[in-house]
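Structure file target.tsv; described as TSV, C-alpha atoms.
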```tsv
chain	number	residue	atom	x	y	z
A	1	MET	CA	111.00	105.29	101.25
A	2	ALA	CA	114.74	105.69	101.54
A	3	ASN	CA	115.02	106.42	97.82
A	4	LEU	CA	111.90	108.59	97.55
A	5	THR	CA	112.71	111.84	95.71
A	6	LEU	CA	110.97	115.18	95.66
A	7	GLY	CA	109.98	114.55	92.03
A	8	ASP	CA	108.14	111.35	93.01
A	9	ILE	CA	105.46	113.27	94.91
A	10	ASP	CA	102.35	114.67	93.20
A	11	PHE	CA	100.55	116.77	95.80
A	12	LYS	CA	97.71	117.71	93.43
A	13	LYS	CA	96.83	114.10	92.61
A	14	ALA	CA	97.68	112.90	96.16
A	15	GLN	CA	99.96	110.23	94.70
A	16	ILE	CA	103.56	109.09	95.01
A	17	ASP	CA	105.57	107.20	92.40
A	18	ILE	CA	107.50	104.38	94.03
A	19	VAL	CA	109.78	101.51	93.09
A	20	ARG	CA	108.65	98.22	94.59
A	21	LYS	CA	110.53	94.94	94.99
A	22	GLY	CA	112.04	93.75	91.74
A	23	ASN	CA	112.40	97.35	90.45
A	24	LYS	CA	108.67	97.45	89.66
A	25	GLN	CA	107.48	101.04	89.10
A	26	ASP	CA	104.12	101.88	90.70
A	27	THR	CA	101.99	104.80	91.81
A	28	ILE	CA	100.23	104.77	95.18
A	29	ASN	CA	97.49	106.97	96.58
A	30	VAL	CA	98.32	108.87	99.75
A	31	LEU	CA	96.09	109.91	102.63
A	32	PRO	CA	95.44	113.67	102.66
A	33	SER	CA	96.63	113.82	106.30
A	34	SER	CA	99.90	112.12	105.31
A	35	LEU	CA	100.41	114.64	102.52
A	36	GLU	CA	99.86	117.44	105.02
A	37	ASP	CA	102.47	115.90	107.34
A	38	LEU	CA	104.84	115.59	104.38
A	39	LYS	CA	104.35	119.26	103.50
A	40	ASN	CA	105.13	120.22	107.10
A	41	TYR	CA	108.27	118.08	107.06
A	42	LEU	CA	109.42	119.60	103.77
A	43	GLY	CA	108.95	123.02	105.35
A	44	VAL	CA	111.67	122.30	107.94
A	45	ARG	CA	113.80	119.85	105.92
A	46	LYS	CA	116.17	122.41	104.40
A	47	GLU	CA	117.02	124.11	107.69
A	48	ARG	CA	117.16	120.97	109.84
A	49	TYR	CA	119.36	118.94	107.49
A	50	LYS	CA	121.17	121.77	105.68
A	51	ALA	CA	119.71	120.42	102.43
A	52	THR	CA	120.74	121.98	99.14
A	53	ASP	CA	119.03	121.88	95.74
A	54	GLU	CA	121.14	118.83	94.92
A	55	ASP	CA	119.62	116.87	97.82
A	56	VAL	CA	116.68	115.35	95.95
A	57	CYS	CA	115.88	112.56	98.42
A	58	VAL	CA	112.87	113.43	100.55
A	59	PHE	CA	114.10	111.87	103.78
A	60	LEU	CA	117.50	112.95	104.98
A	61	SER	CA	119.85	112.57	107.90
A	62	LYS	CA	122.83	114.72	108.79
A	63	TYR	CA	126.30	113.20	108.71
A	64	GLY	CA	129.42	115.31	109.13
A	65	GLY	CA	127.28	118.43	108.96
A	66	LYS	CA	125.95	117.51	105.50
A	67	ALA	CA	122.61	116.17	104.35
A	68	GLN	CA	122.64	112.49	103.37
A	69	PRO	CA	119.83	110.25	102.12
A	70	ILE	CA	118.38	108.37	105.06
A	71	SER	CA	119.17	104.65	105.22
A	72	VAL	CA	116.63	101.84	105.31
A	73	ARG	CA	117.97	100.83	108.74
A	74	THR	CA	117.42	104.37	110.07
A	75	ILE	CA	113.83	104.31	108.81
A	76	GLN	CA	113.24	100.97	110.55
A	77	ASN	CA	114.79	102.21	113.79
A	78	ASN	CA	112.84	105.49	113.71
A	79	ILE	CA	109.54	103.69	113.16
A	80	LYS	CA	110.25	101.38	116.09
A	81	LYS	CA	111.35	104.29	118.28
A	82	TYR	CA	108.36	106.54	117.55
A	83	THR	CA	105.71	103.82	117.67
A	84	LYS	CA	107.07	102.80	121.08
A	85	ALA	CA	106.95	106.42	122.29
A	86	PHE	CA	103.45	106.96	120.90
A	87	SER	CA	101.71	103.69	121.72
A	88	GLY	CA	103.98	101.88	124.15
A	89	LYS	CA	104.43	99.12	121.56
A	90	THR	CA	107.38	98.69	119.24
A	91	LEU	CA	106.08	98.26	115.68
A	92	SER	CA	108.02	97.42	112.55
A	93	PRO	CA	107.32	98.89	109.10
A	94	HIS	CA	105.91	95.47	108.12
A	95	LYS	CA	103.51	95.50	111.10
A	96	LEU	CA	102.33	99.00	110.15
A	97	ARG	CA	101.70	97.76	106.60
A	98	HIS	CA	99.76	94.79	107.98
A	99	THR	CA	97.73	97.10	110.25
A	100	PHE	CA	96.95	99.40	107.31
A	101	ALA	CA	95.72	96.42	105.30
A	102	SER	CA	93.58	95.07	108.14
A	103	GLU	CA	92.02	98.46	108.84
A	104	TRP	CA	91.35	98.95	105.11
A	105	LEU	CA	89.30	95.75	105.09
A	106	ARG	CA	87.60	96.45	108.43
A	107	SER	CA	86.42	99.82	107.13
A	108	GLY	CA	84.85	98.18	104.08
A	109	GLY	CA	87.65	98.67	101.57
A	110	GLU	CA	87.76	96.32	98.61
A	111	LEU	CA	90.31	93.53	98.50
A	112	VAL	CA	91.19	94.21	94.84
A	113	LEU	CA	91.93	97.89	95.55
A	114	LEU	CA	93.99	96.88	98.57
A	115	ARG	CA	95.96	94.44	96.41
A	116	ASP	CA	96.77	97.30	94.05
A	117	GLN	CA	97.72	99.67	96.88
A	118	LEU	CA	100.04	97.06	98.42
A	119	GLY	CA	101.51	96.15	95.03
A	120	HIS	CA	100.69	92.47	95.19
A	121	ASN	CA	100.46	90.49	91.95
A	122	SER	CA	98.03	87.97	93.38
A	123	ILE	CA	94.81	88.51	95.31
A	124	GLU	CA	95.69	85.36	97.28
A	125	THR	CA	98.80	87.09	98.64
A	126	THR	CA	96.69	90.03	99.80
A	127	ALA	CA	94.10	87.75	101.38
A	128	LYS	CA	96.79	85.92	103.39
A	129	TYR	CA	98.51	89.16	104.32
A	130	THR	CA	95.37	90.65	105.80
A	131	ASN	CA	93.97	87.85	107.95
A	132	LEU	CA	91.19	89.16	110.10
A	133	ASP	CA	91.33	87.90	113.64
A	134	ASN	CA	88.81	85.29	114.76
A	135	GLU	CA	86.49	87.75	116.55
A	136	GLU	CA	86.41	90.02	113.50
A	137	ALA	CA	85.66	87.03	111.26
A	138	LYS	CA	82.74	86.07	113.52
A	139	LYS	CA	81.33	89.60	113.25
A	140	VAL	CA	81.53	89.48	109.46
A	141	ILE	CA	79.81	86.08	109.35
A	142	ASN	CA	77.06	87.32	111.67
A	143	ARG	CA	76.50	90.37	109.46
A	144	MET	CA	76.30	88.11	106.41
A	145	ASP	CA	73.78	85.88	108.20
A	146	THR	CA	71.64	88.94	108.91
A	147	LEU	CA	71.79	89.96	105.25
A	148	PHE	CA	70.63	86.52	104.12
A	149	GLU	CA	67.78	86.54	106.66
A	150	ASP	CA	66.56	89.86	105.22
A	151	ASP	CA	66.53	88.37	101.70
A	152	THR	CA	64.35	85.41	102.69
A	153	ASN	CA	61.58	87.52	104.25
```

As C-alpha cells:
Amino acid sequence: MANLTLGDIDFKKAQIDIVRKGNKQDTINVLPSSLEDLKNYLGVRKERYKATDEDVCVFLSKYGGKAQPISVRTIQNNIKKYTKAFSGKTLSPHKLRHTFASEWLRSGGELVLLRDQLGHNSIETTAKYTNLDNEEAKKVINRMDTLFEDDTN
C-alpha cells in the first residue's frame, strides 16, 4: 500500500494493480465500500497533505510542510491505532488479512478465488492461512451431515 499510485486504481472496474512479494504484478478486486472511502480520501488528500501533481502515491504524510509517500511503518502504526480506537483491540495488517480470509470462507466464498485474491501460489497456503476455529468447523461438519441425510431419503 505504501507504493500504491493513483494510476494503479481503476474505479470503473473496481480493481487495483499491486506489486506483491517478489515483485509479482497482480490485480485485486476491491469492495465498493472501500472504493467509496478511497474516493472520499482522495477528495481531501490534496488540501490535507499539500499534494501536487507530482505526488503520485495515493497515501501521503506531511514532513517539513511537504507531501511525502507514507512509510510501511506508518501504515502499520495507523492500522494498530485505529483498530484499537474502533474495536478496543490492536490489530496488525496481517491480522486484518487473516480476518478477511476467514470471513470470506464463512460467507461461502470459494477457496480458489480467495487464493487468487490473496496472491498465494498454492491452495495449501491459503487453506493453512484461513483456519476456521473449532466451533466453526463443527458447524460446517453438521451442515454437511444434514446435506448427506437429505440425499439418502

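We find atom CA of A:Leu111 and atom CA of A:Arg143 to be spaced 17.9 Å apart.
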
List as JSON lines every residue of stretch 90-139 of chain A that is in contact with stretch 12-35 of chain A, defined as an atom at most 10 Å from one of its atoms (using only C-alpha atoms), together with the nearest atom pair and the distance in Å rounded to one decimal, sorted by chain and then rising number.
```
{"residue": "A:Asp116", "atom": "CA", "partner": "A:Ile28", "partner_atom": "CA", "distance": 8.3}
{"residue": "A:Gln117", "atom": "CA", "partner": "A:Ile28", "partner_atom": "CA", "distance": 5.9}
{"residue": "A:Leu118", "atom": "CA", "partner": "A:Ile28", "partner_atom": "CA", "distance": 8.4}
{"residue": "A:Gly119", "atom": "CA", "partner": "A:Arg20", "partner_atom": "CA", "distance": 7.4}
{"residue": "A:His120", "atom": "CA", "partner": "A:Arg20", "partner_atom": "CA", "distance": 9.8}
```

Legend entry - Test item: residues at most 10 Å from stretch 95-101 of chain A, only C-alpha atoms, excluding those fewer than 2 positions along its chain, as a PyMOL selection string: chain A and resi 79+83+90-93+103-106+109+111+114-115+117-118+126-127+129-132
